[in-house]
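Undergrad: Contents of upload34.cif (mmCIF, C-alpha atoms) are given next:
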```cif
data_data
loop_
_atom_site.group_PDB
_atom_site.id
_atom_site.type_symbol
_atom_site.label_atom_id
_atom_site.label_comp_id
_atom_site.auth_asym_id
_atom_site.auth_seq_id
_atom_site.Cartn_x
_atom_site.Cartn_y
_atom_site.Cartn_z
ATOM 1 C CA MET A 1 0.000 0.000 0.000
ATOM 2 C CA ARG A 2 1.298 3.422 -0.953
ATOM 3 C CA LEU A 3 1.271 5.745 2.053
ATOM 4 C CA PRO A 4 1.962 9.478 2.271
ATOM 5 C CA ALA A 5 5.490 10.186 3.444
ATOM 6 C CA CYS A 6 4.670 12.608 6.249
ATOM 7 C CA VAL A 7 1.554 11.313 8.009
ATOM 8 C CA PRO A 8 2.280 10.659 11.696
ATOM 9 C CA CYS A 9 1.478 7.169 12.975
ATOM 10 C CA ALA A 10 -1.507 8.364 14.977
ATOM 11 C CA SER A 11 -3.008 9.964 11.880
ATOM 12 C CA LEU A 12 -2.410 6.841 9.783
ATOM 13 C CA VAL A 13 -4.705 4.807 11.998
ATOM 14 C CA ALA A 14 -7.556 7.194 11.272
ATOM 15 C CA LEU A 15 -6.769 7.335 7.538
ATOM 16 C CA LEU A 16 -6.264 3.635 6.776
ATOM 17 C CA PRO A 17 -9.911 2.944 5.839
ATOM 18 C CA LEU A 18 -9.661 5.576 3.110
ATOM 19 C CA PHE A 19 -7.087 3.538 1.159
ATOM 20 C CA PHE A 20 -8.957 0.229 0.896
ATOM 21 C CA PHE A 21 -11.957 1.062 -1.287
ATOM 22 C CA PRO A 22 -12.138 -0.379 -4.811
ATOM 23 C CA GLY A 23 -11.584 2.206 -7.521
ATOM 24 C CA CYS A 24 -12.206 2.633 -11.220
ATOM 25 C CA ALA A 25 -9.936 3.551 -14.108
ATOM 26 C CA ASP A 26 -11.557 6.458 -15.897
ATOM 27 C CA THR A 27 -10.101 8.024 -19.001
ATOM 28 C CA PRO A 28 -7.809 10.836 -17.814
ATOM 29 C CA THR A 29 -8.671 14.445 -18.529
ATOM 30 C CA ASP A 30 -6.019 16.384 -20.446
ATOM 31 C CA VAL A 31 -4.656 19.389 -18.587
ATOM 32 C CA GLU A 32 -3.851 22.559 -20.489
ATOM 33 C CA PRO A 33 -1.108 24.798 -19.074
ATOM 34 C CA ALA A 34 -2.276 27.951 -17.342
ATOM 35 C CA ARG A 35 -1.478 31.293 -18.914
ATOM 36 C CA PRO A 36 1.952 32.753 -18.065
ATOM 37 C CA GLY A 37 1.969 35.390 -15.360
ATOM 38 C CA ALA A 38 -0.789 33.721 -13.340
ATOM 39 C CA GLU A 39 0.993 34.008 -9.979
ATOM 40 C CA LEU A 40 -1.600 34.178 -7.239
ATOM 41 C CA SER A 41 -2.242 37.255 -5.149
ATOM 42 C CA MET A 42 -2.629 36.249 -1.513
ATOM 43 C CA ALA A 43 -4.643 39.392 -0.807
ATOM 44 C CA SER A 44 -7.353 38.477 -3.299
ATOM 45 C CA LEU A 45 -7.272 34.673 -3.050
ATOM 46 C CA ALA A 46 -10.355 32.796 -1.848
ATOM 47 C CA PRO A 47 -10.849 28.990 -1.611
ATOM 48 C CA GLY A 48 -13.501 29.075 -4.349
ATOM 49 C CA ASP A 49 -11.192 30.767 -6.857
ATOM 50 C CA PHE A 50 -9.985 27.459 -8.309
ATOM 51 C CA THR A 51 -11.250 25.031 -10.915
ATOM 52 C CA TYR A 52 -10.247 21.437 -10.114
ATOM 53 C CA THR A 53 -9.556 18.763 -12.745
ATOM 54 C CA VAL A 54 -9.471 15.153 -11.521
ATOM 55 C CA ILE A 55 -6.711 12.884 -12.898
ATOM 56 C CA ARG A 56 -7.039 9.085 -13.054
ATOM 57 C CA HIS A 57 -4.377 6.823 -14.534
ATOM 58 C CA PRO A 58 -5.964 4.695 -17.275
ATOM 59 C CA GLU A 59 -4.381 1.482 -15.918
ATOM 60 C CA GLY A 60 -4.680 2.145 -12.186
ATOM 61 C CA ASP A 61 -7.288 1.922 -9.462
ATOM 62 C CA ARG A 62 -5.429 4.503 -7.361
ATOM 63 C CA THR A 63 -3.669 7.598 -8.698
ATOM 64 C CA TYR A 64 -1.439 10.124 -6.952
ATOM 65 C CA VAL A 65 -0.241 13.295 -8.712
ATOM 66 C CA ASN A 66 2.950 14.632 -7.140
ATOM 67 C CA ARG A 67 4.253 17.376 -9.487
ATOM 68 C CA ILE A 68 3.310 19.396 -12.518
ATOM 69 C CA ASN A 69 5.422 21.748 -14.635
ATOM 70 C CA THR A 70 4.346 24.845 -16.556
ATOM 71 C CA ARG A 71 3.800 22.790 -19.730
ATOM 72 C CA GLY A 72 1.175 20.691 -17.954
ATOM 73 C CA GLU A 73 3.359 17.565 -17.759
ATOM 74 C CA ILE A 74 2.558 15.501 -14.680
ATOM 75 C CA VAL A 75 4.335 12.883 -12.586
ATOM 76 C CA GLY A 76 2.849 10.657 -9.919
ATOM 77 C CA ASP A 77 2.208 7.069 -8.858
ATOM 78 C CA PHE A 78 -0.460 4.481 -9.611
ATOM 79 C CA ARG A 79 -1.396 0.943 -8.601
ATOM 80 C CA ASP A 80 -1.982 -1.402 -11.529
ATOM 81 C CA ALA A 81 -4.221 -4.461 -11.834
ATOM 82 C CA THR A 82 -1.510 -6.733 -10.379
ATOM 83 C CA GLY A 83 -1.215 -4.606 -7.246
ATOM 84 C CA ARG A 84 2.181 -3.175 -8.189
ATOM 85 C CA TRP A 85 2.975 0.491 -7.563
ATOM 86 C CA ASP A 86 4.901 2.387 -10.214
ATOM 87 C CA GLY A 87 5.415 5.985 -11.195
ATOM 88 C CA PHE A 88 4.208 7.674 -14.336
ATOM 89 C CA LEU A 89 4.988 10.669 -16.515
ATOM 90 C CA ALA A 90 2.010 12.079 -18.425
ATOM 91 C CA ARG A 91 2.341 14.314 -21.481
ATOM 92 C CA SER A 92 -0.697 15.421 -23.516
ATOM 93 C CA GLY A 93 -2.776 12.568 -22.139
ATOM 94 C CA GLN A 94 -0.098 9.924 -22.910
ATOM 95 C CA TYR A 95 1.201 7.983 -19.894
ATOM 96 C CA ARG A 96 4.721 6.574 -19.615
ATOM 97 C CA ARG A 97 5.426 4.097 -16.804
ATOM 98 C CA ILE A 98 8.365 4.947 -14.522
ATOM 99 C CA SER A 99 9.764 1.729 -13.032
ATOM 100 C CA PHE A 100 13.339 1.490 -11.765
ATOM 101 C CA PRO A 101 14.930 -1.740 -13.098
ATOM 102 C CA GLY A 102 14.860 -4.532 -10.510
ATOM 103 C CA SER A 103 12.634 -2.623 -8.096
ATOM 104 C CA ASN A 104 9.753 -3.962 -6.009
ATOM 105 C CA TRP A 105 7.995 -0.607 -6.412
ATOM 106 C CA THR A 106 8.794 2.833 -7.790
ATOM 107 C CA TYR A 107 7.319 6.244 -6.971
ATOM 108 C CA ALA A 108 7.771 9.369 -9.109
ATOM 109 C CA TYR A 109 7.804 12.489 -6.931
ATOM 110 C CA GLY A 110 9.637 15.303 -8.730
ATOM 111 C CA LEU A 111 9.593 16.911 -12.181
ATOM 112 C CA ASN A 112 11.302 19.924 -13.726
ATOM 113 C CA GLU A 113 10.745 21.969 -16.884
ATOM 114 C CA ARG A 114 13.109 19.740 -18.897
ATOM 115 C CA GLY A 115 11.045 16.657 -18.089
ATOM 116 C CA ASP A 116 13.581 15.122 -15.687
ATOM 117 C CA VAL A 117 11.955 12.923 -13.026
ATOM 118 C CA VAL A 118 13.139 11.994 -9.531
ATOM 119 C CA GLY A 119 11.643 9.643 -6.989
ATOM 120 C CA VAL A 120 12.086 6.627 -4.767
ATOM 121 C CA TYR A 121 12.327 2.904 -5.449
ATOM 122 C CA ASN A 122 12.890 -0.196 -3.331
ATOM 123 C CA ASP A 123 14.845 -3.257 -4.447
ATOM 124 C CA GLY A 124 14.501 -5.091 -1.144
ATOM 125 C CA THR A 125 17.367 -3.272 0.569
ATOM 126 C CA GLY A 126 15.389 -0.162 1.534
ATOM 127 C CA PRO A 127 14.320 3.028 -0.211
ATOM 128 C CA ARG A 128 16.705 4.621 -2.720
ATOM 129 C CA GLY A 129 16.469 7.870 -4.627
ATOM 130 C CA TYR A 130 16.770 7.910 -8.401
ATOM 131 C CA LEU A 131 16.921 10.271 -11.377
ATOM 132 C CA TYR A 132 15.144 9.440 -14.648
ATOM 133 C CA THR A 133 16.192 11.473 -17.653
ATOM 134 C CA ARG A 134 15.988 10.810 -21.406
ATOM 135 C CA GLY A 135 14.882 7.224 -20.809
ATOM 136 C CA THR A 136 17.793 6.435 -18.477
ATOM 137 C CA TYR A 137 17.620 5.606 -14.757
ATOM 138 C CA GLU A 138 20.378 6.696 -12.394
ATOM 139 C CA ARG A 139 20.632 5.791 -8.725
ATOM 140 C CA LEU A 140 21.418 8.830 -6.591
ATOM 141 C CA ASN A 141 24.685 8.371 -4.754
ATOM 142 C CA ALA A 142 25.047 8.644 -0.983
ATOM 143 C CA PRO A 143 27.546 7.289 1.560
ATOM 144 C CA GLU A 144 27.584 3.495 1.813
ATOM 145 C CA GLY A 145 24.682 2.119 3.828
ATOM 146 C CA TYR A 146 22.523 5.248 3.564
ATOM 147 C CA GLN A 147 18.870 5.076 2.597
ATOM 148 C CA THR A 148 17.749 7.964 0.399
ATOM 149 C CA ARG A 149 14.568 9.532 -0.939
ATOM 150 C CA ALA A 150 14.398 12.101 -3.755
ATOM 151 C CA PHE A 151 11.331 14.348 -3.875
ATOM 152 C CA ASP A 152 11.928 17.244 -6.283
ATOM 153 C CA ILE A 153 14.263 18.626 -8.950
ATOM 154 C CA ASN A 154 14.568 22.203 -10.210
ATOM 155 C CA ALA A 155 15.323 23.521 -13.688
ATOM 156 C CA SER A 156 19.098 23.478 -13.119
ATOM 157 C CA GLY A 157 19.017 19.826 -12.038
ATOM 158 C CA THR A 158 19.469 20.289 -8.285
ATOM 159 C CA ILE A 159 17.584 17.576 -6.385
ATOM 160 C CA VAL A 160 16.201 17.729 -2.858
ATOM 161 C CA GLY A 161 15.204 14.824 -0.631
ATOM 162 C CA SER A 162 16.319 13.068 2.521
ATOM 163 C CA TYR A 163 18.621 10.363 3.879
ATOM 164 C CA ARG A 164 19.286 8.248 6.933
ATOM 165 C CA PRO A 165 22.034 5.790 7.871
ATOM 166 C CA GLY A 166 20.814 2.197 7.799
ATOM 167 C CA SER A 167 17.157 1.385 8.390
ATOM 168 C CA THR A 168 16.724 3.205 11.698
ATOM 169 C CA GLY A 169 17.074 6.717 12.955
ATOM 170 C CA PRO A 170 15.406 9.926 11.814
ATOM 171 C CA TRP A 171 15.363 11.152 8.233
ATOM 172 C CA GLN A 172 17.466 14.227 7.511
ATOM 173 C CA PRO A 173 17.275 16.665 4.556
ATOM 174 C CA ALA A 174 19.737 16.347 1.690
ATOM 175 C CA MET A 175 20.510 17.688 -1.758
ATOM 176 C CA TRP A 176 22.202 16.334 -4.875
ATOM 177 C CA SER A 177 24.015 19.049 -6.801
ATOM 178 C CA ARG A 178 25.712 17.967 -10.029
ATOM 179 C CA GLY A 179 25.418 14.408 -8.776
ATOM 180 C CA VAL A 180 27.156 15.140 -5.448
ATOM 181 C CA PHE A 181 25.345 14.231 -2.230
ATOM 182 C CA VAL A 182 25.137 17.205 0.179
ATOM 183 C CA PRO A 183 23.517 16.901 3.638
ATOM 184 C CA LEU A 184 21.415 19.983 4.495
ATOM 185 C CA SER A 185 22.359 19.984 8.152
ATOM 186 C CA ALA A 186 21.821 23.752 8.339
ATOM 187 C CA ILE A 187 18.056 23.153 8.187
ATOM 188 C CA THR A 188 17.934 20.795 11.157
ATOM 189 C CA ASP A 189 20.360 22.991 13.097
ATOM 190 C CA LEU A 190 18.322 26.161 12.559
ATOM 191 C CA LEU A 191 15.052 24.428 13.427
ATOM 192 C CA GLY A 192 16.393 22.414 16.343
ATOM 193 C CA ALA A 193 14.727 19.478 14.590
ATOM 194 C CA SER A 194 14.905 15.814 15.494
ATOM 195 C CA MET A 195 13.769 14.844 11.982
ATOM 196 C CA ALA A 196 13.367 16.791 8.746
ATOM 197 C CA GLU A 197 12.894 16.117 5.032
ATOM 198 C CA GLY A 198 13.097 18.347 1.979
ATOM 199 C CA PHE A 199 10.103 17.909 -0.326
ATOM 200 C CA GLY A 200 10.249 20.809 -2.784
ATOM 201 C CA ILE A 201 12.859 23.090 -4.361
ATOM 202 C CA ASN A 202 12.507 26.083 -6.683
ATOM 203 C CA GLY A 203 14.877 27.658 -9.183
ATOM 204 C CA HIS A 204 16.414 29.918 -6.530
ATOM 205 C CA GLY A 205 17.443 26.924 -4.413
ATOM 206 C CA ALA A 206 14.832 27.551 -1.693
ATOM 207 C CA VAL A 207 13.546 24.356 -0.064
ATOM 208 C CA VAL A 208 10.286 23.386 1.647
ATOM 209 C CA GLY A 209 9.579 20.320 3.744
ATOM 210 C CA HIS A 210 8.531 19.158 7.166
ATOM 211 C CA TYR A 211 10.148 18.536 10.526
ATOM 212 C CA THR A 212 9.522 17.460 14.107
ATOM 213 C CA ARG A 213 10.930 18.834 17.346
ATOM 214 C CA PRO A 214 12.238 16.787 20.279
ATOM 215 C CA GLY A 215 9.388 16.062 22.664
ATOM 216 C CA ASP A 216 6.742 17.392 20.236
ATOM 217 C CA SER A 217 4.747 14.894 18.144
ATOM 218 C CA LYS A 218 3.370 17.511 15.725
ATOM 219 C CA MET A 219 4.833 17.842 12.231
ATOM 220 C CA TYR A 220 5.524 21.378 11.013
ATOM 221 C CA GLY A 221 6.334 22.725 7.586
ATOM 222 C CA PHE A 222 9.331 24.890 6.803
ATOM 223 C CA VAL A 223 10.735 27.145 4.097
ATOM 224 C CA TYR A 224 14.534 27.398 3.878
ATOM 225 C CA ARG A 225 15.858 30.288 1.801
ATOM 226 C CA ASP A 226 18.676 32.831 1.948
ATOM 227 C CA ALA A 227 20.345 30.840 4.753
ATOM 228 C CA GLY A 228 17.288 31.358 6.993
ATOM 229 C CA VAL A 229 14.354 29.149 7.859
ATOM 230 C CA THR A 230 10.646 29.868 8.500
ATOM 231 C CA THR A 231 8.264 27.477 10.253
ATOM 232 C CA LEU A 232 4.881 26.921 8.588
ATOM 233 C CA ASN A 233 2.098 26.175 11.062
ATOM 234 C CA VAL A 234 -1.435 26.741 9.766
ATOM 235 C CA PRO A 235 -3.460 28.531 12.477
ATOM 236 C CA GLY A 236 -5.719 26.058 14.263
ATOM 237 C CA SER A 237 -4.067 23.002 12.696
ATOM 238 C CA GLY A 238 -3.882 19.731 14.584
ATOM 239 C CA SER A 239 -1.196 17.046 14.436
ATOM 240 C CA MET A 240 0.498 18.254 11.263
ATOM 241 C CA SER A 241 1.028 21.269 9.045
ATOM 242 C CA CYS A 242 3.389 20.071 6.311
ATOM 243 C CA ALA A 243 4.769 21.815 3.209
ATOM 244 C CA TRP A 244 5.379 20.000 -0.100
ATOM 245 C CA GLY A 245 5.653 22.381 -3.037
ATOM 246 C CA LEU A 246 7.333 25.744 -3.647
ATOM 247 C CA GLY A 247 6.764 28.258 -6.437
ATOM 248 C CA GLU A 248 9.356 30.536 -7.982
ATOM 249 C CA GLN A 249 7.931 33.579 -6.163
ATOM 250 C CA GLY A 250 7.917 31.855 -2.777
ATOM 251 C CA HIS A 251 4.381 30.444 -2.667
ATOM 252 C CA ALA A 252 4.331 27.201 -0.649
ATOM 253 C CA VAL A 253 1.590 24.584 -0.757
ATOM 254 C CA GLY A 254 0.975 21.818 1.715
ATOM 255 C CA HIS A 255 -1.576 20.127 3.929
ATOM 256 C CA TYR A 256 -2.742 20.334 7.523
ATOM 257 C CA VAL A 257 -5.074 18.528 9.904
ATOM 258 C CA ASP A 258 -8.357 20.297 10.570
ATOM 259 C CA GLY A 259 -10.052 18.158 13.219
ATOM 260 C CA THR A 260 -10.073 14.739 11.536
ATOM 261 C CA VAL A 261 -9.799 16.057 7.959
ATOM 262 C CA ILE A 262 -6.619 16.684 5.942
ATOM 263 C CA ARG A 263 -6.944 19.877 3.886
ATOM 264 C CA GLY A 264 -4.679 21.897 1.646
ATOM 265 C CA TYR A 265 -3.256 25.380 2.111
ATOM 266 C CA LEU A 266 -1.285 28.020 0.233
ATOM 267 C CA TRP A 267 1.263 30.225 2.013
ATOM 268 C CA GLN A 268 3.411 33.218 1.146
ATOM 269 C CA ASP A 269 5.434 35.441 3.469
ATOM 270 C CA GLY A 270 3.405 34.769 6.599
ATOM 271 C CA SER A 271 -0.053 34.719 4.966
ATOM 272 C CA TYR A 272 -2.166 31.558 4.707
ATOM 273 C CA ALA A 273 -4.965 30.946 2.208
ATOM 274 C CA THR A 274 -7.024 27.999 3.444
ATOM 275 C CA PRO A 275 -8.562 25.647 2.762
ATOM 276 C CA LEU A 276 -7.751 24.240 -0.650
ATOM 277 C CA ASP A 277 -10.348 21.478 -0.966
ATOM 278 C CA VAL A 278 -11.146 19.385 -4.023
ATOM 279 C CA PRO A 279 -14.971 19.338 -4.259
ATOM 280 C CA GLY A 280 -16.384 16.146 -2.755
ATOM 281 C CA ALA A 281 -13.031 15.063 -1.292
ATOM 282 C CA THR A 282 -12.489 13.794 2.241
ATOM 283 C CA LEU A 283 -8.736 14.496 1.941
ATOM 284 C CA THR A 284 -6.905 17.106 -0.158
ATOM 285 C CA TRP A 285 -3.094 16.982 -0.426
ATOM 286 C CA PRO A 286 -1.549 19.736 -2.617
ATOM 287 C CA SER A 287 2.045 18.933 -3.535
ATOM 288 C CA ALA A 288 3.121 21.297 -6.339
ATOM 289 C CA PHE A 289 2.828 24.955 -7.331
ATOM 290 C CA THR A 290 3.993 26.237 -10.720
ATOM 291 C CA SER A 291 5.187 29.679 -11.708
ATOM 292 C CA ASN A 292 2.079 30.076 -13.875
ATOM 293 C CA GLY A 293 -0.294 29.434 -11.000
ATOM 294 C CA MET A 294 -1.251 25.753 -11.231
ATOM 295 C CA ILE A 295 -1.544 23.622 -8.105
ATOM 296 C CA ALA A 296 -1.373 19.830 -8.285
ATOM 297 C CA GLY A 297 -1.736 17.013 -5.798
ATOM 298 C CA TYR A 298 -4.083 14.200 -4.862
ATOM 299 C CA ALA A 299 -7.353 13.694 -3.045
ATOM 300 C CA ILE A 300 -9.643 10.987 -1.701
ATOM 301 C CA ILE A 301 -13.044 11.046 -3.430
ATOM 302 C CA GLY A 302 -15.551 8.311 -2.676
ATOM 303 C CA GLY A 303 -12.814 6.321 -0.979
ATOM 304 C CA GLN A 304 -10.627 6.413 -4.112
ATOM 305 C CA ALA A 305 -7.241 8.120 -4.436
ATOM 306 C CA VAL A 306 -7.199 10.434 -7.467
ATOM 307 C CA GLY A 307 -4.876 13.149 -8.692
ATOM 308 C CA PHE A 308 -5.947 16.709 -9.318
ATOM 309 C CA VAL A 309 -4.821 19.923 -10.974
ATOM 310 C CA ALA A 310 -6.235 23.254 -9.768
ATOM 311 C CA THR A 311 -6.190 26.379 -11.935
ATOM 312 C CA ARG A 312 -7.315 29.906 -11.117
ATOM 313 C CA ARG A 313 -10.807 30.724 -12.397
#
```
Would you give me this structure, written as structure tokens?

TA:
Amino acid sequence: MRLPACVPCASLVALLPLFFFPGCADTPTDVEPARPGAELSMASLAPGDFTYTVIRHPEGDRTYVNRINTRGEIVGDFRDATGRWDGFLARSGQYRRISFPGSNWTYAYGLNERGDVVGVYNDGTGPRGYLYTRGTYERLNAPEGYQTRAFDINASGTIVGSYRPGSTGPWQPAMWSRGVFVPLSAITDLLGASMAEGFGINGHGAVVGHYTRPGDSKMYGFVYRDAGVTTLNVPGSGSMSCAWGLGEQGHAVGHYVDGTVIRGYLWQDGSYATPLDVPGATLTWPSAFTSNGMIAGYAIIGGQAVGFVATRR
């Protein structure tokens, strides 16, 4: 079963029933890129300002959309008829399977404007990050014995994710720059974090993710830019307030717990626009924000996991 990377254990217990409903494989809806210059104004944004398009993989009963670029290309994960999880890259309604050779499963989490894809696979030895470009798979290097996860890649090819030694211990944020593994220890040091992961990166090298503090079970989001870090904590949120995607102008998208419901939010420079809810969904999980104003992610509708793309009305 494919589980979100940043749901605390207590929240998973409440969410497990949502992932066991049978689904259907509808024909996917093509997504047209939004017009350039569609950056959102926080001052004028309201939750009803978006039009949501649901995305279903044609061969899957569960679909997760993780990133979208300005051309409307999409990456995500799906479960096929055999029960296997693999990633996909969708262009103009055509779906290409992303499956790391020899893996038990493969997820596709990150996408840039060149069409490069990053994600996570497992070959039985634990999770490993990978880069997929021009039809070629490359395992992302890290010190011997490290587990790695890659979540996003920017236009210059810099990758953000996380690592941990062995199979125990907390995840820590990391970056791959020109193929070189670089721990982002400055993030955990500035936050005083016991665990942190980097989920999104923009063209300026700013990073968003989540973290926990010693003695505090709540998960918080963060934005790391210009050698400083900002905590994201949606007012009134419960056990988590995570950040996943980051736009070129500093807009961050993520999700938070509102009572027993997971909802989406949009943040910029201390202002929160909430909630971002797919109509009819019991869970909304935004994970990407493009420079032309599109938001992508996944939702639970009728017990089925589906992807979505939101555009400004």

Undergrad: Enter the distance from atom CA of A:Gln249 to atom CA of A:Ser291, in Å, rounded to one decimal.

TA: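 Separating atom CA of A:Gln249 from atom CA of A:Ser291 is a distance of 7.3 Å.
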
Undergrad: Each residue of stretch 64-126 of chain A with at least one atom at most 10 Å from stretch 296-305 of chain A should appear once, together with its nearest atom pair and the corresponding distance in Å (one decimal); atoms considered: all atoms listed in the file; ordering: chain, then increasing residue number; output as CSV.

TA:
```
residue,atom,partner,partner_atom,distance
A:Tyr64,CA,A:Tyr298,CA,5.3
A:Val65,CA,A:Gly297,CA,5.0
A:Asn66,CA,A:Gly297,CA,5.4
A:Arg67,CA,A:Ala296,CA,6.3
A:Ile68,CA,A:Ala296,CA,6.3
A:Asn69,CA,A:Ala296,CA,9.5
A:Ile74,CA,A:Ala296,CA,8.7
A:Val75,CA,A:Ala296,CA,10.0
A:Gly76,CA,A:Gly297,CA,8.9
A:Phe78,CA,A:Ala305,CA,9.3
```

Undergrad: Quick check, in Å to one decimal: how far apart do atom CA of A:Leu191 and atom CA of A:Ala227 lie?

TA: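 About the pair atom CA of A:Leu191 and atom CA of A:Ala227: they are 12.0 Å apart.
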
Undergrad: Could you work out how far atom CA of A:Tyr163 lies from atom CA of A:Tyr146, giving the answer in Å with one decimal?

TA: 6.4 Å

Undergrad: Smallest atom-to-atom distance to A:Val54: which of A:Pro214, A:Pro279, A:Asp269, A:Gly203, using all atoms listed in the file?

TA: A:Pro279

Undergrad: From the options A:Gln268, A:Thr212, A:Ser167, A:Thr125, which residue's atoms come nearest to A:Ser241, counting all atoms listed in the file?

TA: A:Thr212

Undergrad: Considering only C-alpha atoms, state which residue in the set A:Gly157, A:Gly115, A:Gly264, A:Gly110 is at the smallest distance from A:Arg91.

TA: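 Counting only C-alpha atoms, the residue closest to A:Arg91 is A:Gly115.
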
Undergrad: Once the PyMOL selection byres ((chain A and resi 52) around 6) has been applied to the shown file, what residues remain in the selection, as an mmCIF file with C-alpha atoms, keeping the file's coordinate frame?

TA:
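Okay, expr-v8.cif is ready:
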```
data_model
loop_
_atom_site.group_PDB
_atom_site.id
_atom_site.type_symbol
_atom_site.label_atom_id
_atom_site.label_comp_id
_atom_site.auth_asym_id
_atom_site.auth_seq_id
_atom_site.Cartn_x
_atom_site.Cartn_y
_atom_site.Cartn_z
ATOM 1 C CA THR A 51 -11.250 25.031 -10.915
ATOM 2 C CA THR A 53 -9.556 18.763 -12.745
ATOM 3 C CA VAL A 309 -4.821 19.923 -10.974
ATOM 4 C CA ALA A 310 -6.235 23.254 -9.768
#
```

Undergrad: Step by step, work through what the PyMOL selection byres ((chain A and resi 142) around 6) selects in the shown file, and finish by giving those residues as a PyMOL selection string.

TA: chain A and resi 141+143+181

Undergrad: Kindly indicate which residue among A:Trp267, A:Trp105, A:Tyr211, A:Tyr272 lies nearest to A:Pro235, using all atoms listed in the file for the distances.

TA: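 That would be A:Tyr272, the residue with the smallest distance to A:Pro235.
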
Undergrad: Counting only C-alpha atoms, find residues at most 10 Å from (20.1, 13.1, 7.5) (file frame) and give them as a ChimeraX atom specification.

TA: /A:146-148,161-165,169-174,182-185,188,194-197

Undergrad: When distances are computed from all atoms listed in the file, which of A:Ile262, A:Leu283, A:Ala155, A:Ala150 shows the smallest separation from A:Glu113?

TA: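 Closest to A:Glu113 of all the choices is A:Ala155.
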
Undergrad: So, with only C-alpha atoms as the atoms that count, which of A:Pro275, A:Asn202, A:Gly238, A:Gly221 lies closest to A:Thr290?

TA: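 Ranking A:Pro275, A:Asn202, A:Gly238, A:Gly221 by distance to A:Thr290, first place goes to A:Asn202.
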
Undergrad: Set the distance at 12 Å and use all atoms listed in the file: which residues neighbour A:Gly179 once local chain neighbours fewer than 6 positions away are removed? I'd like the list as a PyMOL selection string.

TA: chain A and resi 129-131+138-142+153+156-160

Undergrad: Around stretch 287-290 of chain A, with edges along x, y and z and 5 Å added on all six sides, what centre and edge lengths do you get, in Å to one decimal, as JSON?

TA:
```
{"center_x": 3.0, "center_y": 22.6, "center_z": -7.1, "size_x": 11.9, "size_y": 17.3, "size_z": 17.2}
```

Undergrad: For A:Arg97, please output as a ChimeraX atom specification all residues within 10 Å (counting all atoms listed in the file; exclusion window: fewer than 4 positions along the same chain).

TA: /A:75-78,86-90,106,108
